[in-house]
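Engineer: What follows is the file model31.cif, containing mmCIF, C-alpha atoms:
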data_start
loop_
_atom_site.label_atom_id
_atom_site.label_comp_id
_atom_site.auth_asym_id
_atom_site.auth_seq_id
_atom_site.Cartn_x
_atom_site.Cartn_y
_atom_site.Cartn_z
CA MET K 136 94.16 94.87 106.43
CA LEU K 137 94.27 91.67 104.44
CA VAL K 138 92.76 91.63 100.98
CA TYR K 139 92.41 88.38 99.10
CA ASN K 140 93.17 88.90 95.44
CA ASN K 141 92.07 85.47 94.28
CA ARG K 142 88.64 85.03 95.86
CA GLY K 143 85.24 86.29 94.88
CA GLY K 144 84.31 88.39 97.92
CA ALA K 145 82.66 91.75 97.24
CA MET K 146 84.77 93.62 99.83
CA ASP K 147 87.98 92.18 98.40
CA ARG K 148 86.97 93.19 94.87
CA GLU K 149 86.12 96.69 96.09
CA LEU K 150 89.48 97.11 97.82
CA LEU K 151 91.43 95.72 94.84
CA LYS K 152 89.69 98.29 92.65
CA ARG K 153 90.22 101.13 95.15
CA TYR K 154 93.95 100.46 95.40
CA ARG K 155 94.33 99.48 91.73
CA GLU K 156 95.72 96.07 92.62
CA PRO K 157 95.44 93.33 90.01
CA ALA K 158 93.93 89.98 90.87
CA TRP K 159 96.44 87.19 91.38
CA ASN K 160 99.39 89.54 91.99
CA PHE K 161 102.11 88.95 94.58
CA GLN K 162 101.63 90.07 98.16
CA VAL K 163 102.12 93.77 98.79
CA ILE K 164 102.53 95.47 102.16
CA ARG K 165 101.17 98.99 102.03
CA PHE K 166 101.43 101.60 104.77
CA LEU K 167 98.19 103.55 105.00
CA ASP K 168 96.93 106.47 107.04
CA ALA K 169 93.58 106.50 108.87
CA LYS K 170 91.81 107.53 105.66
CA GLY K 171 93.29 104.63 103.69
CA ARG K 172 95.82 106.72 101.74
CA ASP K 173 99.34 105.51 101.10
CA ILE K 174 101.87 107.19 103.42
CA ILE K 175 104.80 106.05 101.29
CA PRO K 176 104.56 104.77 97.71
CA ARG K 177 103.56 101.15 97.16
CA LYS K 178 106.41 98.76 96.38
CA ASP K 179 106.29 95.19 95.05
CA ARG K 180 108.09 92.14 96.39
CA VAL K 181 109.34 93.44 99.73
CA TRP K 182 109.05 90.41 101.99
CA THR K 183 112.27 90.23 103.99
CA THR K 184 112.50 91.35 107.61
CA ARG K 185 115.07 93.93 106.57
CA GLY K 186 113.01 95.26 103.68
CA VAL K 187 109.81 95.57 105.70
CA ALA K 188 111.68 97.21 108.60
CA GLN K 189 113.25 99.75 106.23
CA ARG K 190 109.84 100.63 104.82
CA MET K 191 108.38 100.93 108.33
CA ILE K 192 111.18 103.34 109.21
CA LYS K 193 110.53 105.38 106.08
CA THR K 194 106.84 105.54 107.01
CA LEU K 195 107.58 106.72 110.54
CA GLU K 196 110.06 109.31 109.27
CA THR K 197 107.51 110.58 106.74
CA LEU K 198 105.07 111.04 109.61
CA LYS K 199 107.83 112.70 111.70
CA ARG K 200 107.40 110.00 114.36
CA PRO K 201 110.22 108.49 116.43
CA VAL K 202 111.80 105.29 115.18
CA PRO K 203 112.30 102.68 117.92
CA GLY K 204 115.82 101.33 118.34
CA TYR K 205 114.68 97.75 117.81
CA LEU K 206 113.24 98.71 114.43
CA ASN K 207 116.53 100.30 113.39
CA ALA K 208 118.27 97.07 114.41
CA LEU K 209 115.89 94.98 112.28
CA ALA K 210 116.66 97.18 109.29
CA TRP K 211 120.22 95.79 109.36
CA VAL K 212 119.28 92.09 109.58
CA GLU K 213 120.40 90.19 106.50
#
Now that the file is in, can you turn its structure into structure tokens?
Structural biologist:
Amino acid sequence: MLVYNNRGGAMDRELLKRYREPAWNFQVIRFLDAKGRDIIPRKDRVWTTRGVAQRMIKTLETLKRPVPGYLNALAWVE
């Protein structure tokens, strides 16, 4: 989902409050289950291909799901 943290929309405000995200903060990629709960803890400032791939792998491992080979390869990209 995409939540704008610098606009006045009611849904965005509701989601910022639900996830305790401050307005005007940096982008955050969160990995949520079907009920909207974090699967792995939230982490700031992870924007690289490698960093996102590593967090995707951690999420899949937490869920005891297989990790595709291509995702493992991306986790080593500099």
Engineer: Between CA of Ala145 in chain K and CA of Trp182 in chain K, measure the distance and give it in Å to one decimal.
Structural biologist: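 Separation between CA of Ala145 in chain K and CA of Trp182 in chain K: 26.8 Å.
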Engineer: For the PyMOL selection byres ((chain K and resi 158-170) around 6), applied here, can you spell out every residue it catches as a list in words?
Structural biologist: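 What the PyMOL selection byres ((chain K and resi 158-170) around 6) grabs from the file is Asn140, Asn141, Pro157, Gly171, Arg172, Asp173, Ile174, Arg177 and Asp179 of chain K.
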Engineer: As an exercise, work out the distance from CA of Pro201 in chain K to CA of Thr184 in chain K in Å and give it to one decimal place.
Structural biologist: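 Between CA of Pro201 in chain K and CA of Thr184 in chain K the gap is 19.4 Å.
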Engineer: Record the distance separating CA of Met146 in chain K and CA of Arg190 in chain K, expressed in Å with one decimal.
Structural biologist: 26.5 Å
Engineer: Return the single residue from K:Lys178, K:Gly144, K:Leu151, K:Met191 that is closest to Pro203 in chain K, with distances computed using all atoms listed in the file.
Structural biologist: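 Ranked by minimum distance to Pro203 in chain K, first place goes to K:Met191.
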Engineer: Considering all atoms listed in the file, can you say which of K:Asp147, K:Met136, K:Leu209, K:Arg155 comes closest to Ala188 in chain K?
Structural biologist: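 Checking each of K:Asp147, K:Met136, K:Leu209, K:Arg155 against Ala188 in chain K, counting all atoms listed in the file, the winner is K:Leu209.
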Engineer: Written as a PyMOL selection string, which residues does the PyMOL selection byres ((chain K and resi 213) around 7) give for the file shown?
Structural biologist: chain K and resi 185+211-212
Engineer: Missing atoms in range 136-149 of chain K should be modelled up to N, CA and C atoms and reported as a PDB file, in the frame of the given file.
Structural biologist:
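The new file part_21.pdb reads:
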ATOM      1  N   MET K 136      95.285  95.584 106.943  1.00  0.00           N
ATOM      2  CA  MET K 136      94.160  94.870 106.430  1.00  0.00           C
ATOM      3  C   MET K 136      94.675  93.779 105.508  1.00  0.00           C
ATOM      4  N   LEU K 137      93.934  92.752 105.361  1.00  0.00           N
ATOM      5  CA  LEU K 137      94.270  91.670 104.440  1.00  0.00           C
ATOM      6  C   LEU K 137      93.207  91.657 103.355  1.00  0.00           C
ATOM      7  N   VAL K 138      93.669  91.682 102.121  1.00  0.00           N
ATOM      8  CA  VAL K 138      92.760  91.630 100.980  1.00  0.00           C
ATOM      9  C   VAL K 138      93.131  90.410 100.155  1.00  0.00           C
ATOM     10  N   TYR K 139      92.170  89.535  99.963  1.00  0.00           N
ATOM     11  CA  TYR K 139      92.410  88.380  99.100  1.00  0.00           C
ATOM     12  C   TYR K 139      92.244  88.820  97.655  1.00  0.00           C
ATOM     13  N   ASN K 140      93.235  88.486  96.839  1.00  0.00           N
ATOM     14  CA  ASN K 140      93.170  88.900  95.440  1.00  0.00           C
ATOM     15  C   ASN K 140      92.791  87.747  94.524  1.00  0.00           C
ATOM     16  N   ASN K 141      92.409  86.623  95.107  1.00  0.00           N
ATOM     17  CA  ASN K 141      92.070  85.470  94.280  1.00  0.00           C
ATOM     18  C   ASN K 141      90.796  84.784  94.756  1.00  0.00           C
ATOM     19  N   ARG K 142      89.934  85.533  95.413  1.00  0.00           N
ATOM     20  CA  ARG K 142      88.640  85.030  95.860  1.00  0.00           C
ATOM     21  C   ARG K 142      87.548  85.948  95.344  1.00  0.00           C
ATOM     22  N   GLY K 143      86.337  85.531  95.470  1.00  0.00           N
ATOM     23  CA  GLY K 143      85.240  86.290  94.880  1.00  0.00           C
ATOM     24  C   GLY K 143      84.500  87.234  95.796  1.00  0.00           C
ATOM     25  N   GLY K 144      85.025  87.538  96.976  1.00  0.00           N
ATOM     26  CA  GLY K 144      84.310  88.390  97.920  1.00  0.00           C
ATOM     27  C   GLY K 144      84.134  89.817  97.426  1.00  0.00           C
ATOM     28  N   ALA K 145      82.965  90.389  97.698  1.00  0.00           N
ATOM     29  CA  ALA K 145      82.660  91.750  97.240  1.00  0.00           C
ATOM     30  C   ALA K 145      83.600  92.783  97.865  1.00  0.00           C
ATOM     31  N   MET K 146      83.882  92.655  99.156  1.00  0.00           N
ATOM     32  CA  MET K 146      84.770  93.620  99.830  1.00  0.00           C
ATOM     33  C   MET K 146      86.169  93.538  99.241  1.00  0.00           C
ATOM     34  N   ASP K 147      86.653  92.330  98.994  1.00  0.00           N
ATOM     35  CA  ASP K 147      87.980  92.180  98.400  1.00  0.00           C
ATOM     36  C   ASP K 147      88.031  92.821  97.024  1.00  0.00           C
ATOM     37  N   ARG K 148      87.022  92.579  96.216  1.00  0.00           N
ATOM     38  CA  ARG K 148      86.970  93.190  94.870  1.00  0.00           C
ATOM     39  C   ARG K 148      86.971  94.711  94.959  1.00  0.00           C
ATOM     40  N   GLU K 149      86.196  95.232  95.905  1.00  0.00           N
ATOM     41  CA  GLU K 149      86.120  96.690  96.090  1.00  0.00           C
ATOM     42  C   GLU K 149      87.477  97.275  96.469  1.00  0.00           C
TER      43      GLU K 149
END
